[in-house]
Amino acid sequence: LKKVTNCTESFVELDYELSASSYEQPIRSWNLVKVTTMDPNTPIPGGNTIASFEYRNPHYDRYERMAFGYDTVITYQFDTEDDNSLYRFTVQGFNNHNFHKRGWKKSESVCDRNGHKYIETLYEQQLMDMVNGIPVGDSACPSSMYVSYEAEITRYYEGDSVPHIVTEIEREYDSHRNIIRYVNKGDTSRTDEYFSADISYYHGLGHNLISLPDT
């Protein structure tokens, strides 16, 4: 797909680039490197947007014989009202060395044009062996597993070197991917924003009814 034009003459253009061949990426692929949108009939400025993409550190797992993707994707956004100068960029980190976690996001940071962070979010996951209910590490390979825990830690820098506010959200799951515990700590420097919920579910209902909260 190279271009989409709608009935208002607005359009989206997409550009691609063939990746370089290397030991970590023996199979070359077409990567999306630029997206341009244009609305020629908009009555106000800002009808044109430009974003470009950069990909770093691919990994090909020779045991699984499959590509696990890139561990870093950077999205650059440009100010089309200021000679297409760089406005800000977003850095996303992904798991690409573990079969079960491949493609899962590890982090995301929004920075200004000079690299000063505004918001940073870190993501954590814990895998559980579905047979014996024991937490497993990244190097383990049981026959079946599920995500038992997720956490999101968000830091608000607003361009400074240290964060002004840090928030945290935690989720615990059962083997059916139902949330059994939710914790929102809000601003972690305070104690009056803490919220938690424990959730249980019905079991053995007929008509294939599942994931219905009990309490």
# chains A, B, ... in the order shown; residues from 1 in each chain; ligands from 1

call {"tool": "residues_around", "arguments": {"residues": "A:Ser211", "least_positions_apart": "5", "cutoff": "10 Å", "atoms": "only C-alpha atoms", "output": "PyMOL selection string"}}
result
chain A and resi 176-179+200-203

call {"tool": "residues_around", "arguments": {"residues": "A:Pro135", "least_positions_apart": "4", "cutoff": "9 Å", "atoms": "only C-alpha atoms", "output": "NGL selection string"}}
result
:A and (126-129 or 148)

call {"tool": "select_by_dssp", "arguments": {"residues": "stretch 90-151 of chain A", "states": "strand (DSSP E)", "output": "PyMOL selection string"}}
result
chain A and resi 90-94+105-112+117-129+135-136+145-151

call {"tool": "residues_around", "arguments": {"residues": "stretch 152-164 of chain A", "least_positions_apart": "3", "cutoff": "10 Å", "atoms": "only C-alpha atoms", "output": "ChimeraX atom specification"}}
result
/A:106-112,114-125,167-171,184-189

call {"tool": "residues_around", "arguments": {"residues": "stretch 44-52 of chain A", "least_positions_apart": "5", "cutoff": "6 Å", "atoms": "only C-alpha atoms", "output": "list in words"}}
result
Val33, Lys34, Val35, Thr36, Thr37, Met38, Asp39, Thr75, Tyr76, Gln77 and Phe78 of chain A

call {"tool": "write_last_selection", "arguments": {"atoms": "all heavy atoms", "output": "CSV table (one decimal), in the first residue's frame"}}
result
chain,number,residue,atom,x,y,z
A,33,VAL,N,8.9,3.5,6.7
A,33,VAL,CA,9.9,4.5,7.1
A,33,VAL,C,9.3,5.9,7.2
A,33,VAL,O,9.9,6.8,7.8
A,33,VAL,CB,11.2,4.5,6.3
A,33,VAL,CG1,11.9,3.1,6.5
A,33,VAL,CG2,10.8,4.7,4.8
A,34,LYS,N,8.2,6.1,6.5
A,34,LYS,CA,7.6,7.5,6.5
A,34,LYS,C,6.1,7.4,6.2
A,34,LYS,O,5.7,6.7,5.3
A,34,LYS,CB,8.3,8.3,5.4
A,34,LYS,CG,7.9,9.8,5.4
A,34,LYS,CD,8.7,10.6,4.3
A,34,LYS,CE,8.4,12.0,4.3
A,34,LYS,NZ,9.1,12.8,3.3
A,35,VAL,N,5.4,8.3,6.9
A,35,VAL,CA,3.9,8.4,6.6
A,35,VAL,C,3.6,9.9,6.5
A,35,VAL,O,4.0,10.7,7.4
A,35,VAL,CB,3.1,7.8,7.8
A,35,VAL,CG1,1.6,8.1,7.5
A,35,VAL,CG2,3.3,6.3,7.8
A,36,THR,N,3.0,10.3,5.4
A,36,THR,CA,2.7,11.7,5.2
A,36,THR,C,1.2,11.8,5.0
A,36,THR,O,0.6,11.0,4.2
A,36,THR,CB,3.4,12.3,3.9
A,36,THR,OG1,4.8,12.1,4.1
A,36,THR,CG2,3.1,13.7,3.7
A,37,THR,N,0.5,12.7,5.6
A,37,THR,CA,-0.9,13.0,5.5
A,37,THR,C,-1.1,14.4,5.0
A,37,THR,O,-0.3,15.3,5.4
A,37,THR,CB,-1.7,12.8,6.7
A,37,THR,OG1,-1.3,13.8,7.7
A,37,THR,CG2,-1.4,11.4,7.3
A,38,MET,N,-2.1,14.6,4.1
A,38,MET,CA,-2.4,16.0,3.6
A,38,MET,C,-3.9,16.2,3.5
A,38,MET,O,-4.6,15.3,2.9
A,38,MET,CB,-1.7,16.1,2.3
A,38,MET,CG,-2.0,17.4,1.5
A,38,MET,SD,-1.4,18.9,2.4
A,38,MET,CE,0.3,18.8,1.9
A,39,ASP,N,-4.3,17.3,4.0
A,39,ASP,CA,-5.7,17.7,3.8
A,39,ASP,C,-5.7,19.1,3.1
A,39,ASP,O,-5.5,20.1,3.8
A,39,ASP,CB,-6.4,17.8,5.2
A,39,ASP,CG,-7.9,18.2,5.0
A,39,ASP,OD1,-8.4,18.3,3.9
A,39,ASP,OD2,-8.6,18.3,6.0
A,75,THR,N,9.9,6.8,16.5
A,75,THR,CA,9.0,7.5,15.7
A,75,THR,C,9.3,9.0,15.8
A,75,THR,O,9.2,9.6,16.9
A,75,THR,CB,7.5,7.3,16.1
A,75,THR,OG1,7.2,5.9,16.0
A,75,THR,CG2,6.5,8.0,15.2
A,76,TYR,N,9.6,9.7,14.7
A,76,TYR,CA,9.9,11.1,14.6
A,76,TYR,C,8.7,11.8,14.0
A,76,TYR,O,8.2,11.4,13.0
A,76,TYR,CB,11.2,11.3,13.8
A,76,TYR,CG,12.4,10.7,14.2
A,76,TYR,CD1,12.8,9.4,13.7
A,76,TYR,CD2,13.2,11.2,15.2
A,76,TYR,CE1,13.9,8.8,14.2
A,76,TYR,CE2,14.4,10.6,15.6
A,76,TYR,CZ,14.7,9.4,15.1
A,76,TYR,OH,15.9,8.8,15.5
A,77,GLN,N,8.3,12.9,14.7
A,77,GLN,CA,7.2,13.7,14.3
A,77,GLN,C,7.8,15.1,13.9
A,77,GLN,O,8.5,15.7,14.7
A,77,GLN,CB,6.1,13.8,15.3
A,77,GLN,CG,5.4,12.5,15.6
A,77,GLN,CD,4.4,12.6,16.7
A,77,GLN,OE1,4.8,12.6,17.9
A,77,GLN,NE2,3.2,12.7,16.4
A,78,PHE,N,7.4,15.7,12.8
A,78,PHE,CA,7.9,16.9,12.3
A,78,PHE,C,6.9,18.0,12.3
A,78,PHE,O,5.7,17.8,12.1
A,78,PHE,CB,8.5,16.7,10.9
A,78,PHE,CG,9.6,15.7,10.8
A,78,PHE,CD1,9.3,14.3,10.6
A,78,PHE,CD2,10.9,16.0,11.0
A,78,PHE,CE1,10.3,13.4,10.6
A,78,PHE,CE2,11.9,15.1,11.0
A,78,PHE,CZ,11.6,13.8,10.8

call {"tool": "residues_around", "arguments": {"residues": "A:Arg65", "least_positions_apart": "4", "cutoff": "12 Å", "atoms": "only C-alpha atoms", "output": "list of chain:residue names"}}
result
A:Glu24, A:Gln25, A:Pro26, A:Ile27, A:His59, A:Tyr60, A:Asp61, A:Phe99

call {"tool": "write_last_selection", "arguments": {"atoms": "all heavy atoms", "output": "CSV table (one decimal), in the first residue's frame"}}
result
chain,number,residue,atom,x,y,z
A,24,GLU,N,21.9,-11.0,12.5
A,24,GLU,CA,20.7,-11.0,13.3
A,24,GLU,C,19.4,-10.7,12.5
A,24,GLU,O,18.3,-10.8,13.0
A,24,GLU,CB,20.8,-9.8,14.3
A,24,GLU,CG,21.8,-10.1,15.4
A,24,GLU,CD,21.3,-11.2,16.4
A,24,GLU,OE1,20.1,-11.6,16.2
A,24,GLU,OE2,22.0,-11.5,17.3
A,25,GLN,N,19.6,-10.5,11.2
A,25,GLN,CA,18.4,-10.3,10.3
A,25,GLN,C,18.7,-10.9,8.9
A,25,GLN,O,18.9,-10.2,7.9
A,25,GLN,CB,18.0,-8.9,10.2
A,25,GLN,CG,16.7,-8.6,9.5
A,25,GLN,CD,16.2,-7.2,9.6
A,25,GLN,OE1,17.1,-6.3,9.4
A,25,GLN,NE2,15.0,-6.9,9.9
A,26,PRO,N,18.9,-12.2,8.8
A,26,PRO,CA,19.2,-12.8,7.5
A,26,PRO,C,18.1,-12.7,6.5
A,26,PRO,O,18.4,-12.8,5.3
A,26,PRO,CB,19.5,-14.3,7.9
A,26,PRO,CG,18.6,-14.5,9.1
A,26,PRO,CD,18.7,-13.2,9.9
A,27,ILE,N,16.9,-12.5,6.9
A,27,ILE,CA,15.8,-12.4,5.9
A,27,ILE,C,15.4,-10.9,5.9
A,27,ILE,O,14.9,-10.4,6.9
A,27,ILE,CB,14.6,-13.3,6.4
A,27,ILE,CG1,15.0,-14.7,6.5
A,27,ILE,CG2,13.4,-13.1,5.4
A,27,ILE,CD1,13.9,-15.6,7.0
A,59,HIS,N,16.5,-9.2,15.7
A,59,HIS,CA,17.0,-10.5,16.3
A,59,HIS,C,16.3,-11.6,15.5
A,59,HIS,O,15.0,-11.6,15.4
A,59,HIS,CB,16.7,-10.6,17.8
A,59,HIS,CG,17.1,-11.9,18.3
A,59,HIS,ND1,18.4,-12.4,18.3
A,59,HIS,CD2,16.4,-12.9,18.9
A,59,HIS,CE1,18.5,-13.6,18.8
A,59,HIS,NE2,17.3,-14.0,19.2
A,60,TYR,N,17.1,-12.6,15.1
A,60,TYR,CA,16.5,-13.8,14.4
A,60,TYR,C,16.9,-14.9,15.3
A,60,TYR,O,18.1,-15.2,15.6
A,60,TYR,CB,17.1,-13.9,13.0
A,60,TYR,CG,16.6,-15.1,12.3
A,60,TYR,CD1,15.4,-15.1,11.6
A,60,TYR,CD2,17.3,-16.4,12.3
A,60,TYR,CE1,14.9,-16.2,10.9
A,60,TYR,CE2,16.8,-17.5,11.6
A,60,TYR,CZ,15.6,-17.4,10.9
A,60,TYR,OH,15.1,-18.5,10.3
A,61,ASP,N,15.9,-15.7,15.8
A,61,ASP,CA,16.2,-16.8,16.7
A,61,ASP,C,16.4,-18.1,15.8
A,61,ASP,O,15.5,-18.5,15.1
A,61,ASP,CB,15.0,-17.0,17.6
A,61,ASP,CG,15.3,-18.0,18.7
A,61,ASP,OD1,15.3,-19.2,18.4
A,61,ASP,OD2,15.6,-17.6,19.9
A,99,PHE,N,10.9,-16.1,23.3
A,99,PHE,CA,9.8,-16.6,22.5
A,99,PHE,C,8.4,-16.2,23.0
A,99,PHE,O,7.6,-15.7,22.2
A,99,PHE,CB,9.9,-18.1,22.3
A,99,PHE,CG,8.8,-18.7,21.5
A,99,PHE,CD1,8.8,-18.7,20.1
A,99,PHE,CD2,7.7,-19.3,22.2
A,99,PHE,CE1,7.8,-19.2,19.4
A,99,PHE,CE2,6.6,-19.8,21.4
A,99,PHE,CZ,6.7,-19.8,20.0

call {"tool": "atom_distance", "arguments": {"atom1": "atom CA of A:Arg28", "atom2": "atom CA of A:Gly69"}}
result
11.4 Å

call {"tool": "closest_residue", "arguments": {"among": "A:Ser144, A:Thr215, A:Asn57, A:Thr72", "to": "A:Ala20", "atoms": "only C-alpha atoms"}}
result
A:Asn57

call {"tool": "residues_around", "arguments": {"residues": "A:Cys141", "least_positions_apart": "2", "cutoff": "10 Å", "atoms": "only C-alpha atoms", "output": "list in words"}}
result
Asn98, Phe99, His100, Asp129, Val136, Gly137, Asp138, Ser139, Ser143, Ser144 and Met145 of chain A

call {"tool": "atom_distance", "arguments": {"atom1": "atom CA of A:Pro40", "atom2": "atom CA of A:Thr5"}}
result
11.5 Å

call {"tool": "atom_distance", "arguments": {"atom1": "atom CA of A:Asn84", "atom2": "atom CA of A:Tyr70"}}
result
27.1 Å

call {"tool": "residues_around", "arguments": {"residues": "A:Ser175", "least_positions_apart": "5", "cutoff": "8 Å", "atoms": "only C-alpha atoms", "output": "mmCIF file with C-alpha atoms, in the first residue's frame"}}
result
data_model
loop_
_atom_site.group_PDB
_atom_site.id
_atom_site.type_symbol
_atom_site.label_atom_id
_atom_site.label_comp_id
_atom_site.auth_asym_id
_atom_site.auth_seq_id
_atom_site.Cartn_x
_atom_site.Cartn_y
_atom_site.Cartn_z
ATOM 1 C CA MET A 130 0.153 -23.223 33.855
ATOM 2 C CA TYR A 146 0.289 -17.536 30.989
ATOM 3 C CA VAL A 147 0.855 -13.954 32.107
ATOM 4 C CA SER A 148 0.108 -13.753 35.819
#

call {"tool": "decode", "arguments": {"residues": "stretch 159-198 of chain A", "atoms": "N, CA and C atoms", "output": "JSON list (two decimals), in the first residue's frame"}}
result
[["chain", "number", "residue", "atom", "x", "y", "z"],
["A", 159, "GLY", "N", 10.35, 17.51, 30.55],
["A", 159, "GLY", "CA", 11.55, 18.15, 30.04],
["A", 159, "GLY", "C", 12.68, 18.27, 31.04],
["A", 160, "ASP", "N", 12.47, 17.92, 32.31],
["A", 160, "ASP", "CA", 13.52, 18.01, 33.32],
["A", 160, "ASP", "C", 14.27, 16.69, 33.43],
["A", 161, "SER", "N", 15.34, 16.68, 34.21],
["A", 161, "SER", "CA", 16.20, 15.50, 34.33],
["A", 161, "SER", "C", 15.66, 14.47, 35.31],
["A", 162, "VAL", "N", 14.79, 14.90, 36.22],
["A", 162, "VAL", "CA", 14.19, 13.97, 37.19],
["A", 162, "VAL", "C", 12.67, 14.08, 37.08],
["A", 163, "PRO", "N", 11.95, 12.99, 37.32],
["A", 163, "PRO", "CA", 10.48, 13.03, 37.17],
["A", 163, "PRO", "C", 9.83, 13.82, 38.30],
["A", 164, "HIS", "N", 8.75, 14.53, 37.96],
["A", 164, "HIS", "CA", 7.97, 15.27, 38.95],
["A", 164, "HIS", "C", 6.93, 14.37, 39.60],
["A", 165, "ILE", "N", 6.37, 13.46, 38.83],
["A", 165, "ILE", "CA", 5.34, 12.55, 39.31],
["A", 165, "ILE", "C", 5.64, 11.15, 38.78],
["A", 166, "VAL", "N", 5.46, 10.15, 39.63],
["A", 166, "VAL", "CA", 5.61, 8.74, 39.23],
["A", 166, "VAL", "C", 4.33, 8.02, 39.61],
["A", 167, "THR", "N", 3.70, 7.38, 38.65],
["A", 167, "THR", "CA", 2.48, 6.61, 38.91],
["A", 167, "THR", "C", 2.73, 5.13, 38.61],
["A", 168, "GLU", "N", 1.92, 4.27, 39.21],
["A", 168, "GLU", "CA", 2.10, 2.82, 39.01],
["A", 168, "GLU", "C", 0.75, 2.12, 39.03],
["A", 169, "ILE", "N", 0.59, 1.19, 38.08],
["A", 169, "ILE", "CA", -0.60, 0.36, 37.99],
["A", 169, "ILE", "C", -0.17, -1.10, 37.91],
["A", 170, "GLU", "N", -0.82, -1.96, 38.70],
["A", 170, "GLU", "CA", -0.50, -3.39, 38.69],
["A", 170, "GLU", "C", -1.76, -4.20, 38.40],
["A", 171, "ARG", "N", -1.60, -5.29, 37.68],
["A", 171, "ARG", "CA", -2.70, -6.21, 37.38],
["A", 171, "ARG", "C", -2.24, -7.64, 37.58],
["A", 172, "GLU", "N", -3.06, -8.42, 38.25],
["A", 172, "GLU", "CA", -2.80, -9.86, 38.40],
["A", 172, "GLU", "C", -3.89, -10.62, 37.66],
["A", 173, "TYR", "N", -3.51, -11.75, 37.03],
["A", 173, "TYR", "CA", -4.43, -12.51, 36.19],
["A", 173, "TYR", "C", -4.48, -13.97, 36.64],
["A", 174, "ASP", "N", -5.62, -14.62, 36.33],
["A", 174, "ASP", "CA", -5.67, -16.07, 36.49],
["A", 174, "ASP", "C", -5.31, -16.71, 35.16],
["A", 175, "SER", "N", -5.40, -18.03, 35.09],
["A", 175, "SER", "CA", -4.96, -18.75, 33.90],
["A", 175, "SER", "C", -5.87, -18.54, 32.70],
["A", 176, "HIS", "N", -7.05, -17.91, 32.91],
["A", 176, "HIS", "CA", -7.97, -17.61, 31.81],
["A", 176, "HIS", "C", -7.87, -16.15, 31.36],
["A", 177, "ARG", "N", -6.85, -15.46, 31.83],
["A", 177, "ARG", "CA", -6.61, -14.06, 31.49],
["A", 177, "ARG", "C", -7.65, -13.13, 32.11],
["A", 178, "ASN", "N", -8.30, -13.57, 33.16],
["A", 178, "ASN", "CA", -9.20, -12.71, 33.91],
["A", 178, "ASN", "C", -8.40, -11.92, 34.94],
["A", 179, "ILE", "N", -8.69, -10.64, 35.08],
["A", 179, "ILE", "CA", -8.03, -9.83, 36.10],
["A", 179, "ILE", "C", -8.60, -10.21, 37.47],
["A", 180, "ILE", "N", -7.75, -10.68, 38.36],
["A", 180, "ILE", "CA", -8.20, -11.05, 39.70],
["A", 180, "ILE", "C", -7.79, -10.01, 40.75],
["A", 181, "ARG", "N", -6.86, -9.14, 40.41],
["A", 181, "ARG", "CA", -6.49, -8.06, 41.32],
["A", 181, "ARG", "C", -6.00, -6.87, 40.51],
["A", 182, "TYR", "N", -6.53, -5.69, 40.84],
["A", 182, "TYR", "CA", -6.15, -4.45, 40.17],
["A", 182, "TYR", "C", -5.71, -3.45, 41.23],
["A", 183, "VAL", "N", -4.54, -2.87, 41.04],
["A", 183, "VAL", "CA", -4.02, -1.89, 41.99],
["A", 183, "VAL", "C", -3.58, -0.66, 41.22],
["A", 184, "ASN", "N", -4.13, 0.49, 41.58],
["A", 184, "ASN", "CA", -3.72, 1.77, 41.01],
["A", 184, "ASN", "C", -3.16, 2.61, 42.15],
["A", 185, "LYS", "N", -1.86, 2.79, 42.15],
["A", 185, "LYS", "CA", -1.21, 3.51, 43.25],
["A", 185, "LYS", "C", -1.23, 5.01, 43.05],
["A", 186, "GLY", "N", -1.67, 5.47, 41.87],
["A", 186, "GLY", "CA", -1.69, 6.91, 41.61],
["A", 186, "GLY", "C", -0.29, 7.48, 41.72],
["A", 187, "ASP", "N", -0.18, 8.67, 42.26],
["A", 187, "ASP", "CA", 1.11, 9.29, 42.53],
["A", 187, "ASP", "C", 1.77, 8.51, 43.67],
["A", 188, "THR", "N", 2.89, 7.84, 43.39],
["A", 188, "THR", "CA", 3.51, 6.97, 44.39],
["A", 188, "THR", "C", 4.11, 7.73, 45.57],
["A", 189, "SER", "N", 4.21, 9.06, 45.47],
["A", 189, "SER", "CA", 4.71, 9.84, 46.60],
["A", 189, "SER", "C", 3.61, 10.16, 47.60],
["A", 190, "ARG", "N", 2.35, 9.80, 47.26],
["A", 190, "ARG", "CA", 1.22, 10.07, 48.12],
["A", 190, "ARG", "C", 0.62, 8.75, 48.60],
["A", 191, "THR", "N", -0.18, 8.85, 49.64],
["A", 191, "THR", "CA", -0.85, 7.65, 50.17],
["A", 191, "THR", "C", -2.36, 7.72, 50.04],
["A", 192, "ASP", "N", -2.90, 8.86, 49.59],
["A", 192, "ASP", "CA", -4.34, 9.02, 49.52],
["A", 192, "ASP", "C", -4.90, 8.75, 48.13],
["A", 193, "GLU", "N", -4.06, 8.27, 47.20],
["A", 193, "GLU", "CA", -4.52, 7.98, 45.85],
["A", 193, "GLU", "C", -4.53, 6.49, 45.56],
["A", 194, "TYR", "N", -4.24, 5.69, 46.56],
["A", 194, "TYR", "CA", -4.14, 4.23, 46.38],
["A", 194, "TYR", "C", -5.53, 3.63, 46.22],
["A", 195, "PHE", "N", -5.68, 2.79, 45.19],
["A", 195, "PHE", "CA", -6.95, 2.11, 44.95],
["A", 195, "PHE", "C", -6.66, 0.67, 44.55],
["A", 196, "SER", "N", -7.42, -0.27, 45.12],
["A", 196, "SER", "CA", -7.23, -1.68, 44.77],
["A", 196, "SER", "C", -8.58, -2.36, 44.69],
["A", 197, "ALA", "N", -8.63, -3.42, 43.88],
["A", 197, "ALA", "CA", -9.86, -4.20, 43.71],
["A", 197, "ALA", "C", -9.50, -5.66, 43.53],
["A", 198, "ASP", "N", -10.15, -6.53, 44.30],
["A", 198, "ASP", "CA", -10.01, -7.98, 44.15],
["A", 198, "ASP", "C", -11.27, -8.51, 43.48]]
